[in-house]
Amino acid sequence: MKPGTSSASAALAALIARSQRIVAFTGAGISTESGIPDFRSPGGIWSRMQPIDFRDFMSSIEMRREAWRRKAVIDQDFQQAAPNRGHRALAALVSHGAMSAIITQNIDGLHQASGVPADKVIELHGNGTYATCLDCGQRYELAPIMVAFERDETVPECDACGGIVKSATVSFGQAMPQAAMARAQAESTACDLFIVLGSSLVVYPAAGFPALAKRRGAKLVIINREETDQDGSADLVVHGEIGATLGEAVGVA
């Protein structure tokens with residue numbers, strides 16, 4: 001079903017009302033409405049600078065220094081961004097007990113900033129709002145790291161074990177987080193409504209979760225500005241703004 005803009009929110013609201021266990025799957029499109037550029041789009045970060053492969057990051061201190069230079073640029077957008085109407089609508093669904101989990105490809109932490117408990121957010125690509133030691137797992141806040149780096153480009157090392165400290169994101173060439181992938185699979189299998197928000201559904205294996213949910217009997221909704229390869233199997237497709245569509249459906253301003 002592909003409703004017109006005027007009926008999209010009503011159709012979504014009806015599906016939500018009939019559902020017992022909802023899962024959201026969010027991509028860059030929900031965060032672009034908060035002013036965070038899509039890395040993959042024309043004019044995005046990756047069109048101006050190629051991603052640094054994890055193996056290069058690990059093998060070269062100069063590549064690690066370059067990664068932190070890029071982090072300083074990327075964080076300018078992150079620091080100015082705030083949760084938008086779409087984030088708030090998802091937070092309301094979680095708060096009301098209608099949504100069991102949010103599976104996200106995003107690294108901006110805006111779901112948590114909107115009030116969603118951290119244990120309800122499954123981060124497939126990690127989180128760019130803090131750093132971790134790759135050896136012992138010690139967490140580090142970014143502010144002191146960036147102050148030291150901006151002073152003399154000091155590459156951070158772990159105070160506890162001397163290991164390499166990296167933004168807590170999943171880089172190209174780095175293994176996907178097994179626990180997060182397992183949780184996402186379990187939630188996709190158990191839900192009765194799966195809502196895709198702002199994902200082009202081209203990055204696998206993550207993009208396989210909507211199809212998994214559909215195979216297991218869930219209704220599938222896709223809200224994305226552009227068409228996706230999975231539109232044909234969806235019960236509701238909306239090519240429009242996430243915040244307006246979802247916000248109206250949930251009753252969140």
# chains A, B, ... in the order shown; residues from 1 in each chain; ligands from 1

$ residues_around --residues "A:Asp56" --least-positions-apart "2" --cutoff "12 Å" --atoms "only C-alpha atoms" --output "PyMOL selection string"
chain A and resi 51-54+58-67+171-174

$ closest_atom_pairs --of "stretch 66-143 of chain A" --to "stretch 165-170 of chain A" --cutoff "6 Å" --atoms "only C-alpha atoms" --output "Markdown table"
| residue | atom | partner | partner_atom | distance |
| --- | --- | --- | --- | --- |
| A:His125 | CA | A:Val170 | CA | 4.9 |
| A:Gly126 | CA | A:Thr169 | CA | 4.1 |
| A:Asn127 | CA | A:Thr169 | CA | 5.0 |
| A:Gly128 | CA | A:Thr169 | CA | 5.6 |
| A:Ala131 | CA | A:Ser167 | CA | 4.0 |
| A:Thr132 | CA | A:Val165 | CA | 5.5 |
| A:Cys133 | CA | A:Val165 | CA | 4.3 |

$ write_last_selection --atoms "all heavy atoms" --output "short mmCIF file (atom, residue, chain, number, x, y, z; two decimals), in the first residue's frame"
data_model
loop_
_atom_site.label_atom_id
_atom_site.label_comp_id
_atom_site.auth_asym_id
_atom_site.auth_seq_id
_atom_site.Cartn_x
_atom_site.Cartn_y
_atom_site.Cartn_z
N HIS A 125 26.18 -0.11 14.39
CA HIS A 125 27.44 0.49 13.94
C HIS A 125 28.15 1.25 15.06
O HIS A 125 29.01 2.08 14.80
CB HIS A 125 27.18 1.43 12.75
CG HIS A 125 26.67 0.71 11.54
ND1 HIS A 125 26.04 1.35 10.49
CD2 HIS A 125 26.67 -0.60 11.21
CE1 HIS A 125 25.68 0.46 9.58
NE2 HIS A 125 26.06 -0.72 9.99
N GLY A 126 27.77 0.96 16.31
CA GLY A 126 28.44 1.57 17.44
C GLY A 126 27.89 2.95 17.76
O GLY A 126 26.81 3.34 17.31
N ASN A 127 28.69 3.72 18.52
CA ASN A 127 28.25 5.02 19.00
C ASN A 127 29.42 5.99 18.94
O ASN A 127 30.50 5.72 19.47
CB ASN A 127 27.75 4.89 20.44
CG ASN A 127 27.07 6.13 20.95
OD1 ASN A 127 27.62 7.22 20.90
ND2 ASN A 127 25.87 5.97 21.47
N GLY A 128 29.20 7.14 18.29
CA GLY A 128 30.27 8.11 18.11
C GLY A 128 30.35 9.16 19.18
O GLY A 128 31.12 10.11 19.05
N ALA A 131 34.40 7.07 23.39
CA ALA A 131 35.47 6.23 22.86
C ALA A 131 35.70 5.05 23.80
O ALA A 131 35.27 5.07 24.96
CB ALA A 131 36.76 7.03 22.70
N THR A 132 36.35 4.02 23.28
CA THR A 132 36.68 2.86 24.11
C THR A 132 38.07 2.35 23.79
O THR A 132 38.59 2.57 22.68
CB THR A 132 35.68 1.69 23.88
OG1 THR A 132 35.66 1.37 22.49
CG2 THR A 132 34.30 2.06 24.34
N CYS A 133 38.66 1.66 24.76
CA CYS A 133 39.93 0.98 24.52
C CYS A 133 39.63 -0.33 23.80
O CYS A 133 38.79 -1.11 24.22
CB CYS A 133 40.64 0.69 25.84
SG CYS A 133 42.12 -0.34 25.65
#

$ closest_residue --among "A:Arg183, A:Lys214, A:His111, A:Arg21" --to "A:His87" --atoms "only C-alpha atoms"
A:His111

$ atom_distance --atom1 "atom CA of A:Gln230" --atom2 "atom CA of A:Ser188"
15.4 Å

$ atom_distance --atom1 "atom CA of A:Ala10" --atom2 "atom CA of A:Arg88"
18.1 Å
